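Source file coords_4.txt; content: compact mmCIF, C-alpha atoms.
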# COMPACT_ATOMS: atom_id res chain seq x y z
CA MET A 27 37.31 -6.02 13.46
CA PRO A 28 36.64 -3.86 10.38
CA LYS A 29 33.14 -4.21 9.00
CA ILE A 30 31.42 -3.94 5.65
CA GLU A 31 27.71 -3.80 4.88
CA PHE A 32 26.75 -5.95 1.91
CA TRP A 33 23.50 -4.72 0.35
CA TYR A 34 21.88 -7.08 -2.12
CA GLU A 35 18.71 -7.57 -4.16
CA PHE A 36 18.11 -11.15 -5.30
CA ALA A 37 17.03 -10.17 -8.83
CA SER A 38 20.34 -8.42 -9.50
CA THR A 39 22.65 -10.20 -11.90
CA TYR A 40 25.96 -8.74 -10.75
CA SER A 41 25.01 -9.45 -7.13
CA TYR A 42 25.25 -13.16 -7.93
CA PRO A 43 29.07 -13.25 -8.34
CA ALA A 44 29.42 -10.70 -5.53
CA CYS A 45 27.44 -12.88 -3.12
CA MET A 46 29.30 -16.04 -4.10
CA ARG A 47 32.73 -14.55 -3.47
CA ILE A 48 32.33 -11.95 -0.71
CA GLU A 49 32.89 -14.34 2.19
CA LYS A 50 36.35 -15.41 1.03
CA VAL A 51 37.46 -11.90 0.04
CA ALA A 52 36.32 -10.50 3.39
CA ALA A 53 37.74 -13.35 5.46
CA ASP A 54 41.13 -13.08 3.74
CA ALA A 55 41.18 -9.39 4.64
CA GLY A 56 39.94 -9.87 8.21
CA VAL A 57 36.76 -7.90 7.52
CA SER A 58 33.35 -8.95 8.85
CA ILE A 59 30.21 -8.77 6.73
CA GLU A 60 26.81 -7.42 7.68
CA TRP A 61 24.29 -9.00 5.29
CA LYS A 62 21.66 -6.49 4.20
CA PRO A 63 18.99 -7.80 1.81
CA PHE A 64 16.73 -5.08 0.39
CA LEU A 65 14.28 -4.45 -2.43
CA LEU A 66 15.78 -2.49 -5.31
CA GLY A 67 12.51 -2.23 -7.27
CA PRO A 68 10.98 0.62 -5.24
CA LEU A 69 14.22 2.63 -5.48
CA LEU A 70 14.50 2.16 -9.26
CA TYR A 71 10.89 3.24 -9.61
CA GLU A 72 11.41 6.37 -7.52
CA GLN A 73 14.69 7.29 -9.16
CA MET A 74 14.16 6.24 -12.76
CA GLU A 75 10.42 5.75 -13.05
CA ILE A 76 10.92 2.22 -14.32
CA LYS A 77 9.11 -0.94 -13.23
CA ASP A 78 11.38 -3.45 -14.93
CA SER A 79 15.10 -4.18 -14.97
CA PRO A 80 17.12 -1.49 -16.79
CA PHE A 81 18.68 -4.40 -18.68
CA ASN A 82 15.27 -5.25 -20.16
CA ILE A 83 14.33 -1.64 -20.82
CA TYR A 84 17.64 -0.83 -22.55
CA PRO A 85 18.29 -3.94 -24.67
CA VAL A 86 21.61 -2.81 -26.17
CA LYS A 87 23.07 -2.42 -22.69
CA GLY A 88 21.21 -5.54 -21.58
CA LYS A 89 22.80 -7.65 -24.27
CA TYR A 90 26.24 -6.48 -23.16
CA MET A 91 25.45 -7.13 -19.51
CA TRP A 92 24.61 -10.80 -20.11
CA ARG A 93 27.84 -11.28 -22.07
CA ASP A 94 29.83 -9.47 -19.39
CA LEU A 95 28.22 -11.63 -16.69
CA GLU A 96 29.05 -14.73 -18.72
CA ARG A 97 32.73 -13.73 -18.76
CA ILE A 98 32.71 -12.98 -15.02
CA CYS A 99 31.02 -16.27 -14.11
CA SER A 100 33.30 -18.21 -16.43
CA HIS A 101 36.33 -16.62 -14.75
CA LEU A 102 34.96 -17.48 -11.28
CA LYS A 103 33.86 -20.95 -12.45
CA LEU A 104 30.26 -20.21 -11.45
CA PRO A 105 27.40 -21.85 -13.36
CA LEU A 106 25.31 -19.39 -15.37
CA GLN A 107 21.97 -19.96 -17.07
CA ARG A 108 20.09 -16.99 -18.33
CA PRO A 109 16.76 -17.11 -16.45
CA ASP A 110 13.62 -17.59 -18.54
CA THR A 111 11.98 -14.97 -16.36
CA PHE A 112 14.00 -11.90 -15.49
CA PRO A 113 13.65 -10.31 -13.08
CA HIS A 114 11.71 -12.56 -10.73
CA ASN A 115 9.65 -11.09 -7.92
CA THR A 116 11.99 -11.27 -4.94
CA VAL A 117 9.74 -10.18 -2.08
CA ARG A 118 9.38 -13.69 -0.58
CA ALA A 119 13.08 -14.49 -0.87
CA SER A 120 13.98 -11.13 0.65
CA ARG A 121 11.65 -11.62 3.60
CA ILE A 122 13.21 -14.99 4.35
CA ALA A 123 16.66 -13.44 4.05
CA MET A 124 15.52 -10.67 6.38
CA VAL A 125 14.56 -13.26 9.02
CA MET A 126 17.79 -15.18 8.62
CA THR A 127 20.10 -12.18 8.70
CA THR A 128 18.52 -10.64 11.79
CA ASP A 129 17.32 -13.50 13.99
CA PRO A 130 20.31 -14.85 15.97
CA GLN A 131 18.99 -18.44 15.82
CA PHE A 132 19.19 -18.47 11.99
CA GLN A 133 22.14 -16.17 11.28
CA ALA A 134 24.60 -19.03 10.86
CA HIS A 135 22.66 -20.07 7.75
CA ALA A 136 22.00 -16.60 6.32
CA ALA A 137 24.94 -16.51 3.90
CA ASP A 138 24.22 -20.02 2.65
CA PHE A 139 20.58 -19.16 2.04
CA SER A 140 21.48 -16.04 0.05
CA LYS A 141 24.03 -17.93 -2.03
CA GLY A 142 21.47 -20.70 -2.56
CA VAL A 143 18.88 -18.24 -3.90
CA TYR A 144 21.36 -16.63 -6.32
CA LEU A 145 22.48 -20.04 -7.51
CA ALA A 146 18.87 -21.13 -8.03
CA ASN A 147 18.10 -17.94 -9.98
CA PHE A 148 21.18 -17.54 -12.16
CA GLY A 149 22.89 -20.92 -12.02
CA GLU A 150 19.86 -23.20 -12.29
CA ASN A 151 17.15 -21.05 -13.90
CA ARG A 152 14.66 -21.77 -11.13
CA ASP A 153 11.74 -19.56 -10.16
CA ILE A 154 12.88 -17.88 -6.96
CA SER A 155 9.51 -16.17 -6.51
CA ASP A 156 8.10 -19.64 -5.72
CA GLU A 157 7.98 -20.55 -2.03
CA ILE A 158 8.59 -24.20 -2.91
CA VAL A 159 11.90 -23.34 -4.56
CA LEU A 160 12.89 -21.20 -1.57
CA SER A 161 11.85 -24.00 0.74
CA GLU A 162 14.13 -26.40 -1.13
CA VAL A 163 17.03 -24.02 -0.68
CA LEU A 164 16.33 -23.98 3.07
CA ILE A 165 16.23 -27.77 3.20
CA LYS A 166 19.47 -28.08 1.25
CA ILE A 167 21.38 -25.87 3.70
CA GLY A 168 19.89 -27.67 6.70
CA ALA A 169 17.92 -24.73 8.05
CA ASP A 170 14.70 -24.96 10.06
CA ARG A 171 12.46 -24.41 7.06
CA ASN A 172 9.03 -24.34 8.69
CA THR A 173 9.88 -21.91 11.46
CA ILE A 174 11.70 -19.60 9.06
CA ILE A 175 8.98 -19.51 6.42
CA GLU A 176 6.35 -18.92 9.06
CA GLN A 177 8.34 -16.06 10.52
CA ALA A 178 8.96 -14.61 7.04
CA ARG A 179 5.20 -14.28 6.57
CA THR A 180 4.61 -12.15 9.66
CA ASP A 181 3.83 -8.43 9.56
CA GLU A 182 6.89 -7.85 11.70
CA THR A 183 9.16 -9.27 8.97
CA LYS A 184 7.37 -7.35 6.21
CA GLU A 185 7.91 -4.18 8.19
CA LYS A 186 11.58 -5.01 8.81
CA LEU A 187 12.18 -5.41 5.07
CA ARG A 188 10.42 -2.12 4.37
CA ALA A 189 12.56 -0.43 7.01
CA GLN A 190 15.73 -1.92 5.54
CA THR A 191 14.74 -0.70 2.07
CA ASP A 192 14.18 2.74 3.62
CA GLU A 193 17.66 2.59 5.07
CA ALA A 194 19.04 1.71 1.62
CA ARG A 195 17.27 4.74 0.15
CA GLN A 196 18.61 6.96 2.91
CA LYS A 197 22.15 5.74 2.28
CA GLY A 198 21.92 6.73 -1.38
CA LEU A 199 21.69 3.27 -2.91
CA PHE A 200 20.55 2.99 -6.51
CA GLY A 201 21.81 -0.47 -7.46
CA SER A 202 22.95 -3.87 -6.26
CA PRO A 203 25.35 -5.08 -5.07
CA SER A 204 26.34 -2.12 -2.92
CA PHE A 205 28.87 -2.02 -0.13
CA VAL A 206 28.76 0.54 2.64
CA VAL A 207 31.64 1.30 4.97
CA GLY A 208 30.87 4.19 7.31
CA GLU A 209 29.83 7.07 5.05
CA GLU A 210 31.35 5.58 1.90
CA LEU A 211 29.25 3.82 -0.70
CA PHE A 212 30.69 1.43 -3.28
CA TRP A 213 28.53 0.03 -6.07
CA GLY A 214 29.02 -3.08 -8.14
CA ASN A 215 30.72 -6.44 -8.01
CA ASP A 216 33.79 -4.61 -9.38
CA ARG A 217 34.07 -2.48 -6.28
CA LEU A 218 34.15 -5.29 -3.70
CA GLU A 219 37.93 -5.27 -3.33
CA GLN A 220 38.07 -1.48 -3.06
CA ALA A 221 35.35 -1.47 -0.39
CA ILE A 222 37.14 -4.18 1.58
CA ALA A 223 40.44 -2.27 1.38
CA PHE A 224 38.68 0.87 2.56
CA ALA A 225 37.18 -1.04 5.52
CA GLN A 226 40.65 -2.29 6.44
CA SER A 227 42.04 1.23 6.34
CA GLN A 228 39.51 2.55 8.84
CA PRO A 229 40.63 3.08 12.45
CA MET B 8 50.98 -7.23 -32.37
CA PRO B 9 47.66 -7.64 -30.53
CA LYS B 10 45.31 -4.69 -30.97
CA ILE B 11 42.57 -2.99 -28.99
CA GLU B 12 40.07 -0.38 -30.16
CA PHE B 13 39.61 2.39 -27.64
CA TRP B 14 36.22 4.10 -28.14
CA TYR B 15 35.78 7.39 -26.30
CA GLU B 16 33.38 10.32 -25.98
CA PHE B 17 34.96 13.47 -24.54
CA ALA B 18 32.01 14.28 -22.26
CA SER B 19 32.29 10.94 -20.49
CA THR B 20 33.62 11.10 -16.95
CA TYR B 21 35.00 7.58 -16.65
CA SER B 22 36.70 7.95 -20.03
CA TYR B 23 38.99 10.54 -18.44
CA PRO B 24 40.95 8.07 -16.26
CA ALA B 25 40.75 5.46 -19.01
CA CYS B 26 42.30 7.82 -21.55
CA MET B 27 45.02 8.96 -19.17
CA ARG B 28 46.18 5.44 -18.36
CA ILE B 29 45.51 3.31 -21.45
CA GLU B 30 48.84 3.97 -23.14
CA LYS B 31 50.90 2.61 -20.27
CA VAL B 32 48.65 -0.38 -19.63
CA ALA B 33 48.66 -1.30 -23.33
CA ALA B 34 52.40 -0.72 -23.80
CA ASP B 35 53.24 -2.86 -20.75
CA ALA B 36 51.17 -5.66 -22.29
CA GLY B 37 52.52 -5.24 -25.82
CA VAL B 38 49.11 -4.29 -27.18
CA SER B 39 48.60 -1.51 -29.73
CA ILE B 40 45.74 0.97 -29.48
CA GLU B 41 43.42 2.16 -32.20
CA TRP B 42 41.97 5.49 -31.04
CA LYS B 43 38.27 5.77 -31.91
CA PRO B 44 36.55 9.03 -30.88
CA PHE B 45 32.78 8.98 -31.33
CA LEU B 46 29.64 10.81 -30.24
CA LEU B 47 27.75 9.03 -27.49
CA GLY B 48 24.84 11.52 -27.44
CA PRO B 49 23.03 10.12 -30.50
CA LEU B 50 23.31 6.56 -29.18
CA LEU B 51 21.96 7.49 -25.73
CA TYR B 52 19.09 9.30 -27.38
CA GLU B 53 18.23 6.31 -29.58
CA GLN B 54 18.61 3.76 -26.80
CA MET B 55 17.32 5.64 -23.76
CA GLU B 56 15.44 8.60 -25.21
CA ILE B 57 17.54 10.98 -23.15
CA LYS B 58 19.22 14.19 -24.28
CA ASP B 59 21.37 14.75 -21.21
CA SER B 60 23.89 12.72 -19.24
CA PRO B 61 22.28 9.85 -17.29
CA PHE B 62 24.23 11.22 -14.31
CA ASN B 63 22.23 14.45 -14.50
CA ILE B 64 18.93 12.73 -15.17
CA TYR B 65 19.35 10.27 -12.28
CA PRO B 66 20.82 12.43 -9.49
CA VAL B 67 21.14 9.69 -6.85
CA LYS B 68 23.33 7.69 -9.21
CA GLY B 69 25.00 10.90 -10.38
CA LYS B 70 26.03 11.85 -6.86
CA TYR B 71 27.64 8.45 -6.41
CA MET B 72 29.40 8.66 -9.78
CA TRP B 73 31.17 11.91 -8.87
CA ARG B 74 32.33 10.46 -5.55
CA ASP B 75 33.47 7.27 -7.27
CA LEU B 76 35.36 9.29 -9.89
CA GLU B 77 36.96 11.32 -7.09
CA ARG B 78 38.27 8.13 -5.51
CA ILE B 79 39.54 6.82 -8.87
CA CYS B 80 41.32 10.07 -9.75
CA SER B 81 42.78 10.37 -6.28
CA HIS B 82 44.16 6.83 -6.58
CA LEU B 83 45.66 7.62 -10.01
CA LYS B 84 46.88 11.04 -8.82
CA LEU B 85 44.87 12.76 -11.56
CA PRO B 86 43.52 16.27 -10.96
CA LEU B 87 39.73 16.42 -10.77
CA GLN B 88 37.48 19.47 -10.79
CA ARG B 89 33.79 18.94 -11.26
CA PRO B 90 32.95 20.91 -14.44
CA ASP B 91 30.55 23.85 -14.06
CA THR B 92 28.90 22.67 -17.27
CA PHE B 93 28.32 18.96 -17.69
CA PRO B 94 28.21 17.58 -20.23
CA HIS B 95 29.82 19.98 -22.69
CA ASN B 96 29.03 19.78 -26.38
CA THR B 97 31.86 17.67 -27.76
CA VAL B 98 31.26 17.83 -31.50
CA ARG B 99 34.18 20.20 -32.20
CA ALA B 100 36.62 18.30 -30.02
CA SER B 101 35.54 15.02 -31.60
CA ARG B 102 36.01 16.33 -35.13
CA ILE B 103 39.53 17.45 -34.29
CA ALA B 104 40.23 14.08 -32.72
CA MET B 105 38.82 12.44 -35.84
CA VAL B 106 41.32 14.32 -37.99
CA MET B 107 44.22 13.54 -35.70
CA THR B 108 43.47 9.85 -35.27
CA THR B 109 43.03 9.20 -39.00
CA ASP B 110 45.38 11.55 -40.86
CA PRO B 111 48.88 10.03 -40.80
CA GLN B 112 50.55 13.44 -40.55
CA PHE B 113 48.87 14.15 -37.19
CA GLN B 114 48.56 10.67 -35.66
CA ALA B 115 51.67 11.07 -33.52
CA HIS B 116 49.83 13.79 -31.58
CA ALA B 117 46.41 12.13 -31.42
CA ALA B 118 46.79 10.57 -27.97
CA ASP B 119 48.20 13.78 -26.49
CA PHE B 120 45.31 15.79 -27.91
CA SER B 121 42.72 13.44 -26.45
CA LYS B 122 44.41 13.45 -23.05
CA GLY B 123 44.66 17.23 -23.23
CA VAL B 124 40.92 17.58 -23.87
CA TYR B 125 40.00 15.28 -20.97
CA LEU B 126 42.39 17.15 -18.67
CA ALA B 127 40.90 20.49 -19.73
CA ASN B 128 37.36 19.19 -19.13
CA PHE B 129 37.73 17.28 -15.88
CA GLY B 130 41.06 18.42 -14.45
CA GLU B 131 40.82 22.15 -15.19
CA ASN B 132 37.09 22.84 -15.58
CA ARG B 133 37.56 24.47 -18.98
CA ASP B 134 34.89 24.73 -21.67
CA ILE B 135 35.90 22.09 -24.21
CA SER B 136 33.11 23.12 -26.57
CA ASP B 137 35.09 26.32 -27.17
CA GLU B 138 37.41 26.26 -30.18
CA ILE B 139 39.84 28.57 -28.38
CA VAL B 140 40.26 26.06 -25.57
CA LEU B 141 40.77 23.26 -28.09
CA SER B 142 43.22 25.44 -29.97
CA GLU B 143 45.22 25.94 -26.77
CA VAL B 144 45.39 22.20 -26.27
CA LEU B 145 46.78 21.84 -29.81
CA ILE B 146 49.39 24.54 -29.15
CA LYS B 147 50.45 22.94 -25.89
CA ILE B 148 51.14 19.58 -27.51
CA GLY B 149 53.00 21.21 -30.40
CA ALA B 150 50.55 20.23 -33.13
CA ASP B 151 49.90 22.17 -36.33
CA ARG B 152 46.87 23.97 -34.96
CA ASN B 153 45.72 25.91 -38.02
CA THR B 154 45.85 23.04 -40.47
CA ILE B 155 44.12 20.69 -38.05
CA ILE B 156 41.31 23.05 -37.13
CA GLU B 157 40.70 23.89 -40.77
CA GLN B 158 40.54 20.21 -41.64
CA ALA B 159 38.22 19.53 -38.69
CA ARG B 160 35.70 21.96 -40.17
CA THR B 161 35.40 20.21 -43.52
CA ASP B 162 32.39 18.19 -44.61
CA GLU B 163 34.69 15.24 -45.08
CA THR B 164 35.60 15.25 -41.38
CA LYS B 165 32.00 15.72 -40.29
CA GLU B 166 31.07 12.72 -42.40
CA LYS B 167 33.94 10.67 -40.99
CA LEU B 168 32.75 11.33 -37.43
CA ARG B 169 29.21 10.38 -38.38
CA ALA B 170 30.47 7.17 -39.95
CA GLN B 171 32.54 6.37 -36.87
CA THR B 172 29.49 6.92 -34.64
CA ASP B 173 27.56 4.59 -36.96
CA GLU B 174 30.28 2.00 -36.48
CA ALA B 175 29.98 2.40 -32.70
CA ARG B 176 26.23 1.80 -32.93
CA GLN B 177 26.77 -1.23 -35.11
CA LYS B 178 29.25 -2.68 -32.62
CA GLY B 179 26.68 -2.44 -29.82
CA LEU B 180 28.20 0.46 -27.91
CA PHE B 181 26.03 2.20 -25.33
CA GLY B 182 28.63 3.95 -23.19
CA SER B 183 32.16 5.28 -22.96
CA PRO B 184 34.89 4.24 -22.55
CA SER B 185 34.44 1.05 -24.52
CA PHE B 186 37.08 -1.36 -25.70
CA VAL B 187 36.61 -3.66 -28.65
CA VAL B 188 38.78 -6.66 -29.42
CA GLY B 189 37.49 -8.65 -32.40
CA GLU B 190 33.87 -9.45 -31.58
CA GLU B 191 34.22 -8.80 -27.86
CA LEU B 192 33.01 -5.57 -26.28
CA PHE B 193 34.22 -4.34 -22.89
CA TRP B 194 32.65 -1.30 -21.25
CA GLY B 195 34.05 0.97 -18.60
CA ASN B 196 37.35 2.12 -17.18
CA ASP B 197 37.12 -0.96 -14.92
CA ARG B 198 37.31 -3.30 -17.88
CA LEU B 199 40.51 -1.95 -19.44
CA GLU B 200 42.75 -4.63 -17.94
CA GLN B 201 40.35 -7.41 -18.91
CA ALA B 202 40.14 -6.12 -22.49
CA ILE B 203 43.93 -5.88 -22.74
CA ALA B 204 44.33 -9.42 -21.39
CA PHE B 205 41.78 -10.65 -23.90
CA ALA B 206 43.68 -8.93 -26.73
CA GLN B 207 46.89 -10.64 -25.58
CA SER B 208 45.19 -14.03 -25.57
CA GLN B 209 44.09 -13.73 -29.21
CA PRO B 210 46.07 -15.64 -31.83

Output the structure of this file as structure tokens.
Amino acid sequence: MPKIEFWYEFASTYSYPACMRIEKVAADAGVSIEWKPFLLGPLLYEQMEIKDSPFNIYPVKGKYMWRDLERICSHLKLPLQRPDTFPHNTVRASRIAMVMTTDPQFQAHAADFSKGVYLANFGENRDISDEIVLSEVLIKIGADRNTIIEQARTDETKEKLRAQTDEARQKGLFGSPSFVVGEELFWGNDRLEQAIAFAQSQP
Amino acid sequence: MPKIEFWYEFASTYSYPACMRIEKVAADAGVSIEWKPFLLGPLLYEQMEIKDSPFNIYPVKGKYMWRDLERICSHLKLPLQRPDTFPHNTVRASRIAMVMTTDPQFQAHAADFSKGVYLANFGENRDISDEIVLSEVLIKIGADRNTIIEQARTDETKEKLRAQTDEARQKGLFGSPSFVVGEELFWGNDRLEQAIAFAQSQP
């Protein structure tokens, strides 16, 4: 079965629609998804020397981005509320996602958790840096909240997330969402279909 | 007839495919195009404090952009040669385009000139800051080269291009290509179809 890597940072606006729709697009095309949460912040700092979202730093572009996202979400019938805090710190959410995407006993819930976090952030204006909010997402999807949160706090998980962010850097990522198929990188919600078609075309 | 404003800076990579395909996309949809050359440099400097292309300043993103453009051009069967100099100074080309897009006696050739400049820059690796190269483009499309170049050098044309760049700033532009329909701004070659559909939907 052809495969696509889906790289995502929870603070990323355009990753919200990408995350909400990737399962259907991939399933329709017979392509399987490898879920790869990572931290974009360190890469943006290394590459651009910025410690905030480019959409905050460059307000003219930022204003456009929110309008563009509004049109995209409206088209996809996804709820959108501009978060009071943007971007949120996503380390906790990413560590939980790291556990769920790599530990076989939780993998069945990994996609639902990631979608739940994006919905909380951009659809419901909730503080996704807060462990209570993340815990509620876990409860809602019927996952084993206590075991997962405990495992997310371990040094092993912290190290796994660091290693995954290193892998993102090594693969040339500079934004989210990104899709990787073999040596080819595709960036942006706009490129999902092209990445999926490329995966299908691979022997 | 529904109308779309097509805003373009000749140094912009993604504006190359946009410029080459906009006429067909718009004609198929029954939408007319207003050609709006402008200078992106001053806006990038004001908004980002940069004096070079973001793709040069941020090489990780830049590397991706060239690969992405390669895939786009290959799909559209457009020639692509990475220019030895990037970005070129586009003031002369933009002044000529300003003349051709606004003076009724030259408007019939305006689209061909703009396509010719993009082809020279990104398809043939020619120096589009050079008046001789621009002159050759004018000859190739059968335009009245001498009159146009003379008019492009006037203070009136310089002022017109400044005013058009002011209009771009006022409309919230931060990149090229951009498409404006009424109050709505769409940015990027990717958004052409969406902008055209929006123009069609307007009363």

Just the number, please: distance in Å from atom CA of Ser120 of chain A to atom CA of Tyr34 of chain A, one decimal. 9.3 Å

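Going from atom CA of Asp94 of chain A to atom CA of Glu191 of chain B covers 9.6 Å.
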
Leaving out Asp110 of chain A and any residue of its chain fewer than 6 positions from it, which residues lie within 9 Å of it when counting only C-alpha atoms, given as an NGL selection string? :A and (151-153)

Output C-alpha atoms for every residue in the selection just made, as a PDB file, in the coordinates of the input.
ATOM      1  CA  ASN A 151      17.150 -21.050 -13.900  1.00  0.00           C
ATOM      2  CA  ARG A 152      14.660 -21.770 -11.130  1.00  0.00           C
ATOM      3  CA  ASP A 153      11.740 -19.560 -10.160  1.00  0.00           C
TER       4      ASP A 153
END

Residue nearest Thr92 of chain B - candidates B:Asp119, B:Glu157, B:Asp59, B:Asp110, atoms counted: all atoms listed in the file: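 Answer, going by the shortest atom-to-atom distance: B:Asp59.
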
Option closest in space to Met107 of chain B, from B:Phe129, B:Phe62, B:Trp42, B:Trp73 [counting all atoms listed in the file]: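 Of B:Phe129, B:Phe62, B:Trp42, B:Trp73, the one nearest Met107 of chain B, counting all atoms listed in the file, is B:Trp42.
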
Quick one: which residues from chain A are at most 9 Å off chain B, using only C-alpha atoms, as a PyMOL selection string? chain A and resi 73-74+83-87+89-90+93-94+198-201+210-213+216

Pick out the residues sitting within 12 Å of Thr161 of chain B, and hand them over as an mmCIF file with C-alpha atoms, in the coordinates of the input; count all atoms listed in the file, and ignore anything fewer than 3 positions along from it in its own chain.
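Writing the result to around_29.cif gives the following:
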data_model
loop_
_atom_site.group_PDB
_atom_site.id
_atom_site.type_symbol
_atom_site.label_atom_id
_atom_site.label_comp_id
_atom_site.auth_asym_id
_atom_site.auth_seq_id
_atom_site.Cartn_x
_atom_site.Cartn_y
_atom_site.Cartn_z
ATOM 1 C CA ARG B 99 34.180 20.200 -32.200
ATOM 2 C CA ARG B 102 36.010 16.330 -35.130
ATOM 3 C CA ILE B 103 39.530 17.450 -34.290
ATOM 4 C CA MET B 105 38.820 12.440 -35.840
ATOM 5 C CA VAL B 106 41.320 14.320 -37.990
ATOM 6 C CA THR B 154 45.850 23.040 -40.470
ATOM 7 C CA ILE B 155 44.120 20.690 -38.050
ATOM 8 C CA ILE B 156 41.310 23.050 -37.130
ATOM 9 C CA GLU B 157 40.700 23.890 -40.770
ATOM 10 C CA GLN B 158 40.540 20.210 -41.640
ATOM 11 C CA THR B 164 35.600 15.250 -41.380
ATOM 12 C CA LYS B 165 32.000 15.720 -40.290
ATOM 13 C CA GLU B 166 31.070 12.720 -42.400
ATOM 14 C CA LYS B 167 33.940 10.670 -40.990
ATOM 15 C CA LEU B 168 32.750 11.330 -37.430
#
